[in-house]
Every structure is written in structure tokens, then in C-alpha cells.
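Listing of run27.cif; format and content: mmCIF, C-alpha atoms.
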```
data_final
loop_
_atom_site.group_PDB
_atom_site.id
_atom_site.type_symbol
_atom_site.label_atom_id
_atom_site.label_comp_id
_atom_site.auth_asym_id
_atom_site.auth_seq_id
_atom_site.Cartn_x
_atom_site.Cartn_y
_atom_site.Cartn_z
ATOM 1 C CA MET A 443 21.040 -13.571 16.692
ATOM 2 C CA ALA A 444 17.579 -15.158 16.854
ATOM 3 C CA GLU A 445 16.356 -12.918 14.040
ATOM 4 C CA SER A 446 19.367 -13.922 11.910
ATOM 5 C CA SER A 447 18.675 -17.605 12.533
ATOM 6 C CA ALA A 448 14.997 -17.211 11.645
ATOM 7 C CA LYS A 449 15.949 -15.432 8.435
ATOM 8 C CA SER A 450 18.378 -18.240 7.562
ATOM 9 C CA ARG A 451 15.654 -20.858 8.114
ATOM 10 C CA ARG A 452 13.243 -18.961 5.856
ATOM 11 C CA THR A 453 15.894 -18.642 3.137
ATOM 12 C CA SER A 454 16.703 -22.331 3.417
ATOM 13 C CA ASN A 455 13.037 -23.289 3.110
ATOM 14 C CA VAL A 456 12.600 -21.179 -0.016
ATOM 15 C CA ALA A 457 15.750 -22.672 -1.564
ATOM 16 C CA ARG A 458 14.338 -26.179 -0.991
ATOM 17 C CA GLY A 459 11.037 -25.255 -2.566
ATOM 18 C CA ARG A 460 9.128 -25.201 0.712
ATOM 19 C CA PRO A 461 6.832 -22.334 1.684
ATOM 20 C CA PRO A 462 8.527 -19.974 4.149
ATOM 21 C CA LYS A 463 7.333 -20.034 7.716
ATOM 22 C CA THR A 464 5.626 -16.806 8.640
ATOM 23 C CA ASP A 465 6.005 -14.802 11.780
ATOM 24 C CA LYS A 466 2.902 -13.369 13.358
ATOM 25 C CA ALA A 467 2.550 -10.279 11.270
ATOM 26 C CA LYS A 468 1.218 -6.909 12.283
ATOM 27 C CA PRO A 469 -2.083 -5.913 10.641
ATOM 28 C CA ALA A 470 -1.316 -5.327 6.971
ATOM 29 C CA ASN A 471 -2.596 -1.787 6.830
ATOM 30 C CA ALA A 472 -0.669 -0.721 9.918
ATOM 31 C CA THR A 473 2.544 -2.217 8.581
ATOM 32 C CA GLY A 474 2.091 -0.476 5.248
ATOM 33 C CA GLN A 475 1.242 2.866 6.764
ATOM 34 C CA ARG A 476 4.203 2.771 9.129
ATOM 35 C CA GLY A 477 6.512 2.328 6.159
ATOM 36 C CA LEU A 478 5.716 5.904 5.134
ATOM 37 C CA ALA A 479 7.851 7.345 7.901
ATOM 38 C CA LYS A 480 10.786 5.188 6.806
ATOM 39 C CA GLU A 481 10.289 6.243 3.188
ATOM 40 C CA ILE A 482 10.327 9.926 4.162
ATOM 41 C CA ALA A 483 13.449 9.317 6.271
ATOM 42 C CA ARG A 484 15.134 7.637 3.282
ATOM 43 C CA GLN A 485 14.254 10.515 0.971
ATOM 44 C CA THR A 486 15.402 13.046 3.566
ATOM 45 C CA GLN A 487 18.753 11.310 3.874
ATOM 46 C CA ALA A 488 19.100 11.283 0.085
ATOM 47 C CA CYS A 489 18.614 15.067 0.050
ATOM 48 C CA GLU A 490 21.352 15.832 2.576
ATOM 49 C CA GLY A 491 23.432 18.733 1.343
ATOM 50 C CA ASP A 492 20.670 20.095 -0.895
ATOM 51 C CA PRO A 493 20.385 23.788 0.095
ATOM 52 C CA ASN A 494 16.780 23.955 -1.139
ATOM 53 C CA PHE A 495 15.587 20.993 0.937
ATOM 54 C CA MET A 496 13.810 21.870 4.213
ATOM 55 C CA THR A 497 14.683 19.153 6.710
ATOM 56 C CA SER A 498 12.357 20.619 9.350
ATOM 57 C CA LEU A 499 9.387 20.336 6.979
ATOM 58 C CA ALA A 500 10.360 16.765 6.135
ATOM 59 C CA ARG A 501 10.413 15.944 9.840
ATOM 60 C CA GLY A 502 6.945 17.388 10.245
ATOM 61 C CA LEU A 503 5.592 15.277 7.399
ATOM 62 C CA ALA A 504 7.307 12.186 8.790
ATOM 63 C CA VAL A 505 5.626 12.749 12.149
ATOM 64 C CA LEU A 506 2.226 13.212 10.491
ATOM 65 C CA SER A 507 2.695 9.979 8.519
ATOM 66 C CA VAL A 508 3.031 7.967 11.729
ATOM 67 C CA PHE A 509 -0.573 8.694 12.722
ATOM 68 C CA ALA A 510 -1.886 6.946 9.595
ATOM 69 C CA GLY A 511 -0.679 3.592 10.906
ATOM 70 C CA HIS A 512 -2.402 3.801 14.282
ATOM 71 C CA ALA A 513 -6.093 3.563 15.110
ATOM 72 C CA ARG A 514 -5.499 5.052 18.569
ATOM 73 C CA GLU A 515 -3.385 7.844 19.995
ATOM 74 C CA VAL A 516 0.376 7.597 19.620
ATOM 75 C CA SER A 517 3.011 8.557 22.152
ATOM 76 C CA MET A 518 6.041 10.733 21.593
ATOM 77 C CA SER A 519 8.313 7.713 22.081
ATOM 78 C CA GLN A 520 6.392 5.726 19.441
ATOM 79 C CA ILE A 521 6.759 8.554 16.943
ATOM 80 C CA SER A 522 10.467 8.881 17.705
ATOM 81 C CA LEU A 523 10.968 5.130 17.229
ATOM 82 C CA GLU A 524 9.113 4.953 13.906
ATOM 83 C CA THR A 525 10.650 8.084 12.372
ATOM 84 C CA GLY A 526 14.173 7.897 13.782
ATOM 85 C CA ILE A 527 13.792 11.506 14.913
ATOM 86 C CA SER A 528 14.949 12.409 18.425
ATOM 87 C CA ARG A 529 12.317 12.828 21.120
ATOM 88 C CA ALA A 530 13.304 16.476 21.551
ATOM 89 C CA ALA A 531 12.738 17.182 17.838
ATOM 90 C CA VAL A 532 9.469 15.186 17.849
ATOM 91 C CA ARG A 533 8.266 17.262 20.798
ATOM 92 C CA ARG A 534 8.923 20.488 18.859
ATOM 93 C CA VAL A 535 7.163 19.135 15.764
ATOM 94 C CA LEU A 536 4.121 18.075 17.801
ATOM 95 C CA TYR A 537 4.066 21.445 19.554
ATOM 96 C CA THR A 538 4.084 23.251 16.196
ATOM 97 C CA LEU A 539 1.428 20.968 14.661
ATOM 98 C CA GLY A 540 -0.689 21.441 17.771
ATOM 99 C CA LYS A 541 -0.447 25.234 17.567
ATOM 100 C CA LEU A 542 -1.516 25.043 13.908
ATOM 101 C CA GLY A 543 -4.461 22.800 14.723
ATOM 102 C CA TYR A 544 -3.303 19.583 13.022
ATOM 103 C CA VAL A 545 -2.805 17.411 16.123
ATOM 104 C CA GLY A 546 -4.169 17.357 19.631
ATOM 105 C CA GLU A 547 -3.337 15.658 22.912
ATOM 106 C CA TYR A 548 -5.508 12.769 24.007
ATOM 107 C CA ALA A 549 -5.108 10.398 26.963
ATOM 108 C CA ALA A 550 -1.429 9.424 27.059
ATOM 109 C CA GLY A 551 -0.546 10.520 23.545
ATOM 110 C CA TYR A 552 -1.471 12.520 20.468
ATOM 111 C CA VAL A 553 -4.148 12.227 17.763
ATOM 112 C CA LEU A 554 -4.779 13.937 14.454
ATOM 113 C CA ALA A 555 -7.180 16.871 14.487
ATOM 114 C CA PRO A 556 -9.952 17.320 11.879
ATOM 115 C CA ARG A 557 -7.998 20.049 10.096
ATOM 116 C CA VAL A 558 -5.809 17.422 8.373
ATOM 117 C CA LEU A 559 -8.865 16.380 6.340
ATOM 118 C CA GLY A 560 -8.452 19.536 4.329
ATOM 119 C CA ILE A 561 -5.108 18.324 2.981
ATOM 120 C CA GLY A 562 -6.193 14.861 1.895
ATOM 121 C CA GLY A 563 -9.628 15.987 0.794
ATOM 122 C CA ALA A 564 -8.130 18.593 -1.515
ATOM 123 C CA TYR A 565 -6.242 15.879 -3.399
ATOM 124 C CA LEU A 566 -9.250 13.565 -3.696
ATOM 125 C CA SER A 567 -11.580 16.322 -4.849
ATOM 126 C CA SER A 568 -9.197 17.948 -7.335
ATOM 127 C CA THR A 569 -7.768 14.927 -9.185
ATOM 128 C CA ALA A 570 -9.715 13.946 -12.292
ATOM 129 C CA LEU A 571 -8.894 10.269 -11.886
ATOM 130 C CA THR A 572 -10.200 9.972 -8.333
ATOM 131 C CA VAL A 573 -13.280 12.067 -9.057
ATOM 132 C CA ALA A 574 -14.162 9.961 -12.107
ATOM 133 C CA SER A 575 -13.350 6.637 -10.451
ATOM 134 C CA GLN A 576 -15.978 6.609 -7.708
ATOM 135 C CA PRO A 577 -19.064 6.078 -9.910
ATOM 136 C CA VAL A 578 -17.122 3.466 -11.912
ATOM 137 C CA LEU A 579 -16.138 1.649 -8.722
ATOM 138 C CA ASP A 580 -19.693 1.844 -7.373
ATOM 139 C CA ALA A 581 -21.109 0.368 -10.587
ATOM 140 C CA LEU A 582 -18.482 -2.386 -10.658
ATOM 141 C CA ARG A 583 -19.174 -3.269 -7.009
ATOM 142 C CA ASP A 584 -22.898 -3.529 -7.764
ATOM 143 C CA GLU A 585 -22.227 -5.665 -10.841
ATOM 144 C CA VAL A 586 -19.946 -8.226 -9.181
ATOM 145 C CA ASN A 587 -21.088 -7.787 -5.558
ATOM 146 C CA GLU A 588 -17.487 -7.513 -4.376
ATOM 147 C CA SER A 589 -15.378 -4.692 -2.929
ATOM 148 C CA CYS A 590 -13.478 -2.682 -5.550
ATOM 149 C CA SER A 591 -10.599 -0.217 -5.275
ATOM 150 C CA LEU A 592 -8.365 2.149 -7.232
ATOM 151 C CA GLY A 593 -4.698 2.442 -6.277
ATOM 152 C CA ILE A 594 -1.450 4.131 -7.224
ATOM 153 C CA LEU A 595 2.159 3.806 -6.098
ATOM 154 C CA ASP A 596 3.146 6.138 -3.292
ATOM 155 C CA GLY A 597 6.892 5.744 -2.914
ATOM 156 C CA ASP A 598 7.423 2.004 -2.537
ATOM 157 C CA GLU A 599 3.892 1.211 -1.364
ATOM 158 C CA LEU A 600 0.422 0.820 -2.766
ATOM 159 C CA LEU A 601 -1.867 3.725 -1.895
ATOM 160 C CA TYR A 602 -5.659 3.356 -2.047
ATOM 161 C CA VAL A 603 -7.170 6.510 -3.557
ATOM 162 C CA ALA A 604 -10.772 5.350 -4.011
ATOM 163 C CA ARG A 605 -12.875 2.410 -2.819
ATOM 164 C CA ALA A 606 -16.365 0.953 -3.102
ATOM 165 C CA GLU A 607 -16.975 -1.624 -0.394
ATOM 166 C CA THR A 608 -19.569 -4.331 0.145
ATOM 167 C CA VAL A 609 -18.560 -5.956 3.426
ATOM 168 C CA ARG A 610 -15.181 -6.091 5.122
ATOM 169 C CA ILE A 611 -13.238 -9.041 3.687
ATOM 170 C CA MET A 612 -9.949 -8.457 5.490
ATOM 171 C CA SER A 613 -9.006 -8.393 9.148
ATOM 172 C CA ILE A 614 -8.287 -4.700 8.675
ATOM 173 C CA GLY A 615 -10.333 -1.838 7.311
ATOM 174 C CA LEU A 616 -9.267 -0.384 3.973
ATOM 175 C CA ARG A 617 -10.171 3.118 2.901
ATOM 176 C CA SER A 618 -8.893 5.939 0.741
ATOM 177 C CA GLY A 619 -5.453 6.762 2.118
ATOM 178 C CA SER A 620 -4.639 3.200 3.203
ATOM 179 C CA HIS A 621 -1.235 1.777 2.293
ATOM 180 C CA LEU A 622 -0.255 -1.838 1.646
ATOM 181 C CA PRO A 623 2.941 -3.505 0.370
ATOM 182 C CA ALA A 624 3.161 -3.475 -3.405
ATOM 183 C CA TYR A 625 4.974 -6.801 -3.922
ATOM 184 C CA CYS A 626 2.204 -9.065 -2.567
ATOM 185 C CA THR A 627 -0.940 -7.242 -3.723
ATOM 186 C CA SER A 628 -2.616 -7.462 -7.118
ATOM 187 C CA MET A 629 -2.750 -3.691 -7.669
ATOM 188 C CA GLY A 630 0.815 -3.342 -6.432
ATOM 189 C CA ARG A 631 2.077 -5.915 -8.911
ATOM 190 C CA VAL A 632 0.216 -4.268 -11.783
ATOM 191 C CA LEU A 633 1.909 -0.978 -10.910
ATOM 192 C CA LEU A 634 5.343 -2.546 -10.366
ATOM 193 C CA ALA A 635 5.077 -4.295 -13.730
ATOM 194 C CA ALA A 636 4.667 -0.915 -15.404
ATOM 195 C CA LEU A 637 7.836 0.598 -13.904
ATOM 196 C CA PRO A 638 10.945 1.178 -16.044
ATOM 197 C CA PRO A 639 13.548 -1.581 -15.469
ATOM 198 C CA ASP A 640 15.961 0.634 -13.515
ATOM 199 C CA THR A 641 13.174 1.955 -11.270
ATOM 200 C CA LEU A 642 11.964 -1.577 -10.587
ATOM 201 C CA ALA A 643 15.513 -2.692 -9.804
ATOM 202 C CA GLY A 644 15.827 0.147 -7.293
ATOM 203 C CA TYR A 645 12.560 -0.883 -5.645
ATOM 204 C CA LEU A 646 13.726 -4.501 -5.293
ATOM 205 C CA ALA A 647 17.078 -3.394 -3.899
ATOM 206 C CA ARG A 648 15.339 -1.373 -1.172
ATOM 207 C CA THR A 649 12.476 -3.721 -0.368
ATOM 208 C CA GLN A 650 12.605 -6.808 1.805
ATOM 209 C CA LEU A 651 10.057 -9.287 0.468
ATOM 210 C CA ARG A 652 8.679 -10.412 3.794
ATOM 211 C CA PRO A 653 6.311 -13.404 3.916
ATOM 212 C CA ARG A 654 2.859 -12.158 4.894
ATOM 213 C CA THR A 655 1.408 -15.688 4.702
ATOM 214 C CA GLU A 656 2.831 -19.090 3.807
ATOM 215 C CA ARG A 657 1.812 -18.364 0.197
ATOM 216 C CA THR A 658 3.664 -15.053 -0.198
ATOM 217 C CA VAL A 659 6.223 -14.959 -3.001
ATOM 218 C CA THR A 660 9.485 -13.799 -1.424
ATOM 219 C CA GLY A 661 12.006 -14.625 -4.136
ATOM 220 C CA GLN A 662 13.014 -11.795 -6.466
ATOM 221 C CA ASP A 663 13.373 -14.046 -9.520
ATOM 222 C CA GLU A 664 9.925 -15.525 -8.967
ATOM 223 C CA LEU A 665 8.417 -12.085 -8.479
ATOM 224 C CA LEU A 666 10.065 -10.803 -11.664
ATOM 225 C CA ALA A 667 8.618 -13.771 -13.568
ATOM 226 C CA ILE A 668 5.177 -12.928 -12.188
ATOM 227 C CA LEU A 669 5.555 -9.311 -13.269
ATOM 228 C CA ASP A 670 6.453 -10.499 -16.782
ATOM 229 C CA ARG A 671 3.172 -12.448 -16.883
ATOM 230 C CA VAL A 672 1.277 -9.409 -15.631
ATOM 231 C CA ARG A 673 2.674 -7.331 -18.506
ATOM 232 C CA HIS A 674 1.718 -10.049 -20.979
ATOM 233 C CA ASP A 675 -1.781 -10.705 -19.598
ATOM 234 C CA GLY A 676 -2.715 -7.153 -18.697
ATOM 235 C CA ALA A 677 -4.005 -8.437 -15.360
ATOM 236 C CA CYS A 678 -2.831 -9.892 -12.075
ATOM 237 C CA VAL A 679 -4.408 -12.412 -9.701
ATOM 238 C CA VAL A 680 -3.092 -12.857 -6.149
ATOM 239 C CA ASP A 681 -4.227 -15.811 -4.073
ATOM 240 C CA GLN A 682 -3.917 -15.386 -0.285
ATOM 241 C CA GLU A 683 -0.414 -13.879 -0.337
ATOM 242 C CA LEU A 684 -1.338 -10.813 1.712
ATOM 243 C CA GLU A 685 -3.837 -12.483 4.028
ATOM 244 C CA ILE A 686 -5.174 -16.027 4.218
ATOM 245 C CA GLY A 687 -8.698 -16.148 2.831
ATOM 246 C CA LEU A 688 -8.238 -13.123 0.563
ATOM 247 C CA ARG A 689 -8.042 -13.305 -3.219
ATOM 248 C CA SER A 690 -7.831 -10.338 -5.528
ATOM 249 C CA ALA A 691 -7.469 -9.411 -9.173
ATOM 250 C CA ALA A 692 -6.292 -6.146 -10.700
ATOM 251 C CA VAL A 693 -5.828 -4.515 -14.085
ATOM 252 C CA PRO A 694 -4.002 -1.350 -15.173
ATOM 253 C CA VAL A 695 -5.643 1.992 -15.890
ATOM 254 C CA ARG A 696 -3.862 3.911 -18.658
ATOM 255 C CA ASP A 697 -3.846 7.504 -19.866
ATOM 256 C CA ARG A 698 -4.320 8.519 -23.486
ATOM 257 C CA ASP A 699 -0.632 7.810 -24.188
ATOM 258 C CA GLY A 700 -0.884 4.262 -22.876
ATOM 259 C CA LYS A 701 1.018 4.970 -19.663
ATOM 260 C CA VAL A 702 -0.169 3.076 -16.582
ATOM 261 C CA ILE A 703 -1.346 5.672 -14.078
ATOM 262 C CA ALA A 704 -3.326 3.517 -11.635
ATOM 263 C CA ALA A 705 -4.640 0.028 -10.968
ATOM 264 C CA LEU A 706 -8.202 -1.166 -10.482
ATOM 265 C CA ASN A 707 -8.967 -4.218 -8.377
ATOM 266 C CA ILE A 708 -11.607 -6.544 -6.968
ATOM 267 C CA GLY A 709 -11.023 -8.260 -3.636
ATOM 268 C CA THR A 710 -12.956 -11.306 -2.514
ATOM 269 C CA GLN A 711 -12.952 -14.197 -0.069
ATOM 270 C CA SER A 712 -11.385 -17.459 -1.208
ATOM 271 C CA GLY A 713 -14.304 -19.458 0.187
ATOM 272 C CA ARG A 714 -16.781 -17.543 -1.958
ATOM 273 C CA VAL A 715 -15.027 -17.137 -5.321
ATOM 274 C CA THR A 716 -12.792 -19.750 -6.933
ATOM 275 C CA LEU A 717 -9.615 -18.823 -8.770
ATOM 276 C CA SER A 718 -11.256 -19.918 -12.003
ATOM 277 C CA ALA A 719 -14.233 -17.608 -11.430
ATOM 278 C CA LEU A 720 -11.896 -14.791 -10.482
ATOM 279 C CA GLN A 721 -10.042 -15.134 -13.769
ATOM 280 C CA THR A 722 -12.982 -15.849 -16.081
ATOM 281 C CA ARG A 723 -15.701 -13.649 -14.584
ATOM 282 C CA LEU A 724 -14.139 -10.888 -12.518
ATOM 283 C CA VAL A 725 -11.039 -10.034 -14.587
ATOM 284 C CA PRO A 726 -13.163 -9.290 -17.716
ATOM 285 C CA ALA A 727 -15.432 -7.082 -15.576
ATOM 286 C CA LEU A 728 -12.353 -5.255 -14.300
ATOM 287 C CA LYS A 729 -11.059 -4.675 -17.822
ATOM 288 C CA ARG A 730 -14.421 -3.230 -18.911
ATOM 289 C CA ALA A 731 -14.433 -0.891 -15.925
ATOM 290 C CA ALA A 732 -10.852 0.192 -16.622
ATOM 291 C CA LYS A 733 -11.770 1.057 -20.224
ATOM 292 C CA GLN A 734 -14.672 3.104 -18.943
ATOM 293 C CA LEU A 735 -12.397 4.970 -16.537
ATOM 294 C CA GLU A 736 -9.769 5.521 -19.234
ATOM 295 C CA SER A 737 -12.362 7.323 -21.353
ATOM 296 C CA VAL A 738 -11.913 10.283 -18.982
ATOM 297 C CA PHE A 739 -8.574 10.936 -20.701
ATOM 298 C CA ASP A 740 -9.812 10.600 -24.307
#
```

Rendering of file as C-alpha cells:
Amino acid sequence: MAESSAKSRRTSNVARGRPPKTDKAKPANATGQRGLAKEIARQTQACEGDPNFMTSLARGLAVLSVFAGHAREVSMSQISLETGISRAAVRRVLYTLGKLGYVGEYAAGYVLAPRVLGIGGAYLSSTALTVASQPVLDALRDEVNESCSLGILDGDELLYVARAETVRIMSIGLRSGSHLPAYCTSMGRVLLAALPPDTLAGYLARTQLRPRTERTVTGQDELLAILDRVRHDGACVVDQELEIGLRSAAVPVRDRDGKVIAALNIGTQSGRVTLSALQTRLVPALKRAAKQLESVFD
């Protein structure tokens, strides 16, 4: 009842043109990562009745995805809550993963074992885009003295696949493999803007546009208008919608056929870089770097 009332108040504020009040949010990275388990659960449900779909494997991957959203060990009950899988099934999954060397017991819960690095590392070392992006990101970081990243869509979320960092500018640590919401991030909006209309409509139907700060755009019509501007400008600037004090800009990275395959961004602190400087100095630098990265596909 209280949640329903709070939602009504937020909707009313948006309708009157006032910024929505924000609840105390979980750390952005943790919230994004924990959405992976829900995404896997949604896809698993969609595949019910498919004789070729292995539900047990899907459960194992859902359990593994939970660890990405936690800096410390996780308990069996936490995993069950976040995946929607029964405790008995979670116990069997953890037992199997433990026997195979992918998780281990620690304190009152479970942690990932080093063997999982082989899975993620294989992707990062075998994909031409990620291999080529690191020197480009390093050079861009040195040019603008700001943290730079490359991202793609992973389901309904933004996935960081490469990063060159100066100093931490967010309350959370970002790294390759981190997930964030797509609707309130500059790279996410660049990637959403490139989706076919029906795919974008499906994303909006599934996604609750939660206010991360008082500046977060939570109206679908307003977000669609922003995405139209992103398509027109070939760039996106987000001002403190994910976290107060954080500004970012992003541009698309295209393949030889002109298809958007990734997004490149610069993140900075609002007290250090003005919006005007972000648009006039950093966006052109981003576009030059994107062109350099796109030359990999020529």
C-alpha cells in the first residue's frame, strides 16, 4: 500500500512538471547487475515448452549472474530471492558449480572462484572490438584527462566491455563487466536510439523508468524525444540523471555497414566540466575516437 502511494505521488509530480522525489537507491552498479538474474528468468519463462531449451543450464547461469552484483559473499537465501529459484534448486546449482570449481564457500555464504575469469576473459580477448578499443580508450583518456568507456547492450542493460579510468568519479567502481540501466546513461541512450522501433517498444514495455536522482527522466514520451535528438545529433549528453555530480557524453560506434554496434563515452564530474565544455570539447573528441575505432572494420 505504501509503495503504491509513493508511486502515485511520483506520477503526480511528473504530471505537474515537478521533478520526482527519489527513494534512497541502491548503488547503481549493484542494481544493474542484479537485473541480470531477472532478465535470465524472463528469457527462461519465454522459452517454456521449447524442447531444446535447457532449464537447468539457465538456472546455473542465473545463479552465477547474482554474484556480479555483490562485492561480498552471497547467501543461498539471497540467491533464491534474486533469481526466483527455490532454495533446494539453488543448493544443487551451487553444489554443482562448486564441484566444477566456479564457486566456493566463504564465511556465511558463497563467492566466485578464479576459474570464472576464463569465461569472461575469453570474450574480451577474442572480440575484435574490445581488443581494438583499449588503446583508443587509453589515448582518449590521456587527451581529455577523463575516464572513458566502451559499452554494448546486454539484454535490457548497458554492459561495460572496456574502460580507461583516471580517478573514480562515481560512488561505485566501474569495470569491464559492469552493468548499468540503459535509459538514464549516455551510452545506454545511444544504444537504445539505434534499436528498431518494435525492439525499442518492447524494451519500454518491460522497463520501469525509476528515478535514480531528481533529474532522471522517467516519462516515456520525454525519453523517446531525447532518443530522437540522439539520432539526429549522433551524440548524447546526460547531466546527473544516474548519480548527482556525474555528467557524461557518448557517441555511437558503427560497423562498415553503418550499424551501431557499441557506444563510446566520457564520464566527468559536474563541478569540473560544464555542460558547454562537455558538448563543445569532449563530444568532438569522442567522435574522433569513434572514427578511429570504426577503422578496425574498414

Residues at most 9 Å from Pro556 (chain A), counting all atoms listed in the file, excluding those fewer than 5 positions away in the same chain, as an NGL selection string? :A and (543-545)

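Among the candidate residues A:Arg648, A:Arg583, A:His621, A:Arg671, the one lying nearest to Asn707 (chain A) is A:Arg583, with distances computed using only C-alpha atoms.
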
Using all atoms listed in the file, which of A:Asp681, A:Glu664, A:Asp580, A:Asp492 sits nearest Thr716 (chain A)? A:Asp681

Rank nothing, just name the residue among A:Ala531, A:Val679, A:Ala510, A:Leu523 nearest to Thr497 (chain A), using only C-alpha atoms. A:Ala531

Students should find that CA of Ala719 (chain A) and CA of Ser575 (chain A) are spaced 24.3 Å

Determine, for each residue of region 575-625 of chain A having at least one atom at most 12 Å from an atom of region 629-639 of chain A, the closest pair of atoms and their separation in Å to one decimal, counting only C-alpha atoms; order by chain and ascending number, as a Markdown table.
```
| residue | atom | partner | partner_atom | distance |
| --- | --- | --- | --- | --- |
| A:Cys590 | CA | A:Met629 | CA | 11.0 |
| A:Ser591 | CA | A:Met629 | CA | 8.9 |
| A:Leu592 | CA | A:Met629 | CA | 8.1 |
| A:Gly593 | CA | A:Met629 | CA | 6.6 |
| A:Ile594 | CA | A:Leu633 | CA | 7.1 |
| A:Leu595 | CA | A:Leu633 | CA | 6.8 |
| A:Asp596 | CA | A:Gly630 | CA | 10.3 |
| A:Gly597 | CA | A:Leu634 | CA | 11.3 |
| A:Asp598 | CA | A:Leu634 | CA | 9.3 |
| A:Glu599 | CA | A:Gly630 | CA | 7.5 |
| A:Leu600 | CA | A:Gly630 | CA | 5.6 |
| A:Leu601 | CA | A:Gly630 | CA | 8.8 |
| A:Tyr602 | CA | A:Met629 | CA | 9.5 |
| A:Val603 | CA | A:Met629 | CA | 11.9 |
| A:His621 | CA | A:Gly630 | CA | 10.3 |
| A:Leu622 | CA | A:Gly630 | CA | 8.3 |
| A:Pro623 | CA | A:Gly630 | CA | 7.1 |
| A:Ala624 | CA | A:Gly630 | CA | 3.8 |
| A:Tyr625 | CA | A:Arg631 | CA | 5.8 |
```

Using only C-alpha atoms, the best pick from A:Ser507, A:Thr608, A:Gln682, A:Asn494 as closest to Ser589 (chain A) would be A:Thr608

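Picture a line from CA of Glu588 (chain A) to CA of Lys701 (chain A); it runs 27.1 Å.
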
For CA of Val516 (chain A) and CA of Met496 (chain A), quote the distance in Å rounded to one decimal. 24.9 Å

Residues returned when the PyMOL selection byres ((chain A and resi 477-481) around 12) runs on this file, as a ChimeraX atom specification: /A:470-476,482-488,500-511,520-527,595-601,619-624,645,648-650

Using the chain letters and numbers from the file, give me the residues hit by the PyMOL selection byres ((chain A and resi 729) around 10), as a PyMOL selection string. chain A and resi 676-677+692-695+706-707+724-728+730-735

Keeping C-alpha atoms, export the residues of the selection given above as a PDB file, in the coordinates of the input.
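Writing the result to selection-v1.pdb gives the following:
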```
ATOM      1  CA  GLY A 676      -2.715  -7.153 -18.697  1.00  0.00           C
ATOM      2  CA  ALA A 677      -4.005  -8.437 -15.360  1.00  0.00           C
ATOM      3  CA  ALA A 692      -6.292  -6.146 -10.700  1.00  0.00           C
ATOM      4  CA  VAL A 693      -5.828  -4.515 -14.085  1.00  0.00           C
ATOM      5  CA  PRO A 694      -4.002  -1.350 -15.173  1.00  0.00           C
ATOM      6  CA  VAL A 695      -5.643   1.992 -15.890  1.00  0.00           C
ATOM      7  CA  LEU A 706      -8.202  -1.166 -10.482  1.00  0.00           C
ATOM      8  CA  ASN A 707      -8.967  -4.218  -8.377  1.00  0.00           C
ATOM      9  CA  LEU A 724     -14.139 -10.888 -12.518  1.00  0.00           C
ATOM     10  CA  VAL A 725     -11.039 -10.034 -14.587  1.00  0.00           C
ATOM     11  CA  PRO A 726     -13.163  -9.290 -17.716  1.00  0.00           C
ATOM     12  CA  ALA A 727     -15.432  -7.082 -15.576  1.00  0.00           C
ATOM     13  CA  LEU A 728     -12.353  -5.255 -14.300  1.00  0.00           C
ATOM     14  CA  ARG A 730     -14.421  -3.230 -18.911  1.00  0.00           C
ATOM     15  CA  ALA A 731     -14.433  -0.891 -15.925  1.00  0.00           C
ATOM     16  CA  ALA A 732     -10.852   0.192 -16.622  1.00  0.00           C
ATOM     17  CA  LYS A 733     -11.770   1.057 -20.224  1.00  0.00           C
ATOM     18  CA  GLN A 734     -14.672   3.104 -18.943  1.00  0.00           C
ATOM     19  CA  LEU A 735     -12.397   4.970 -16.537  1.00  0.00           C
TER      20      LEU A 735
END
```

Could you list as number ranges by chain every residue that has an atom within 7 Å of (-14.6, 8.6, -10.6), using the file's coordinates and counting only C-alpha atoms? A: 571-578

With C-alpha atoms retained, export the selected residues as a PDB file, keeping the file's coordinate frame.
```pdb
ATOM      1  CA  LEU A 571      -8.894  10.269 -11.886  1.00  0.00           C
ATOM      2  CA  THR A 572     -10.200   9.972  -8.333  1.00  0.00           C
ATOM      3  CA  VAL A 573     -13.280  12.067  -9.057  1.00  0.00           C
ATOM      4  CA  ALA A 574     -14.162   9.961 -12.107  1.00  0.00           C
ATOM      5  CA  SER A 575     -13.350   6.637 -10.451  1.00  0.00           C
ATOM      6  CA  GLN A 576     -15.978   6.609  -7.708  1.00  0.00           C
ATOM      7  CA  PRO A 577     -19.064   6.078  -9.910  1.00  0.00           C
ATOM      8  CA  VAL A 578     -17.122   3.466 -11.912  1.00  0.00           C
TER       9      VAL A 578
END
```

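Distance annotation: of A:Ile686, A:Ala581, A:Leu717, A:Cys489, the residue with the minimal separation from Glu607 (chain A) is A:Ala581; atom set is all atoms listed in the file.
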
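Counting all atoms listed in the file, the residue from A:Ala606, A:Leu666, A:Val659, A:Glu683 that sits nearest to Leu642 (chain A) is A:Leu666.
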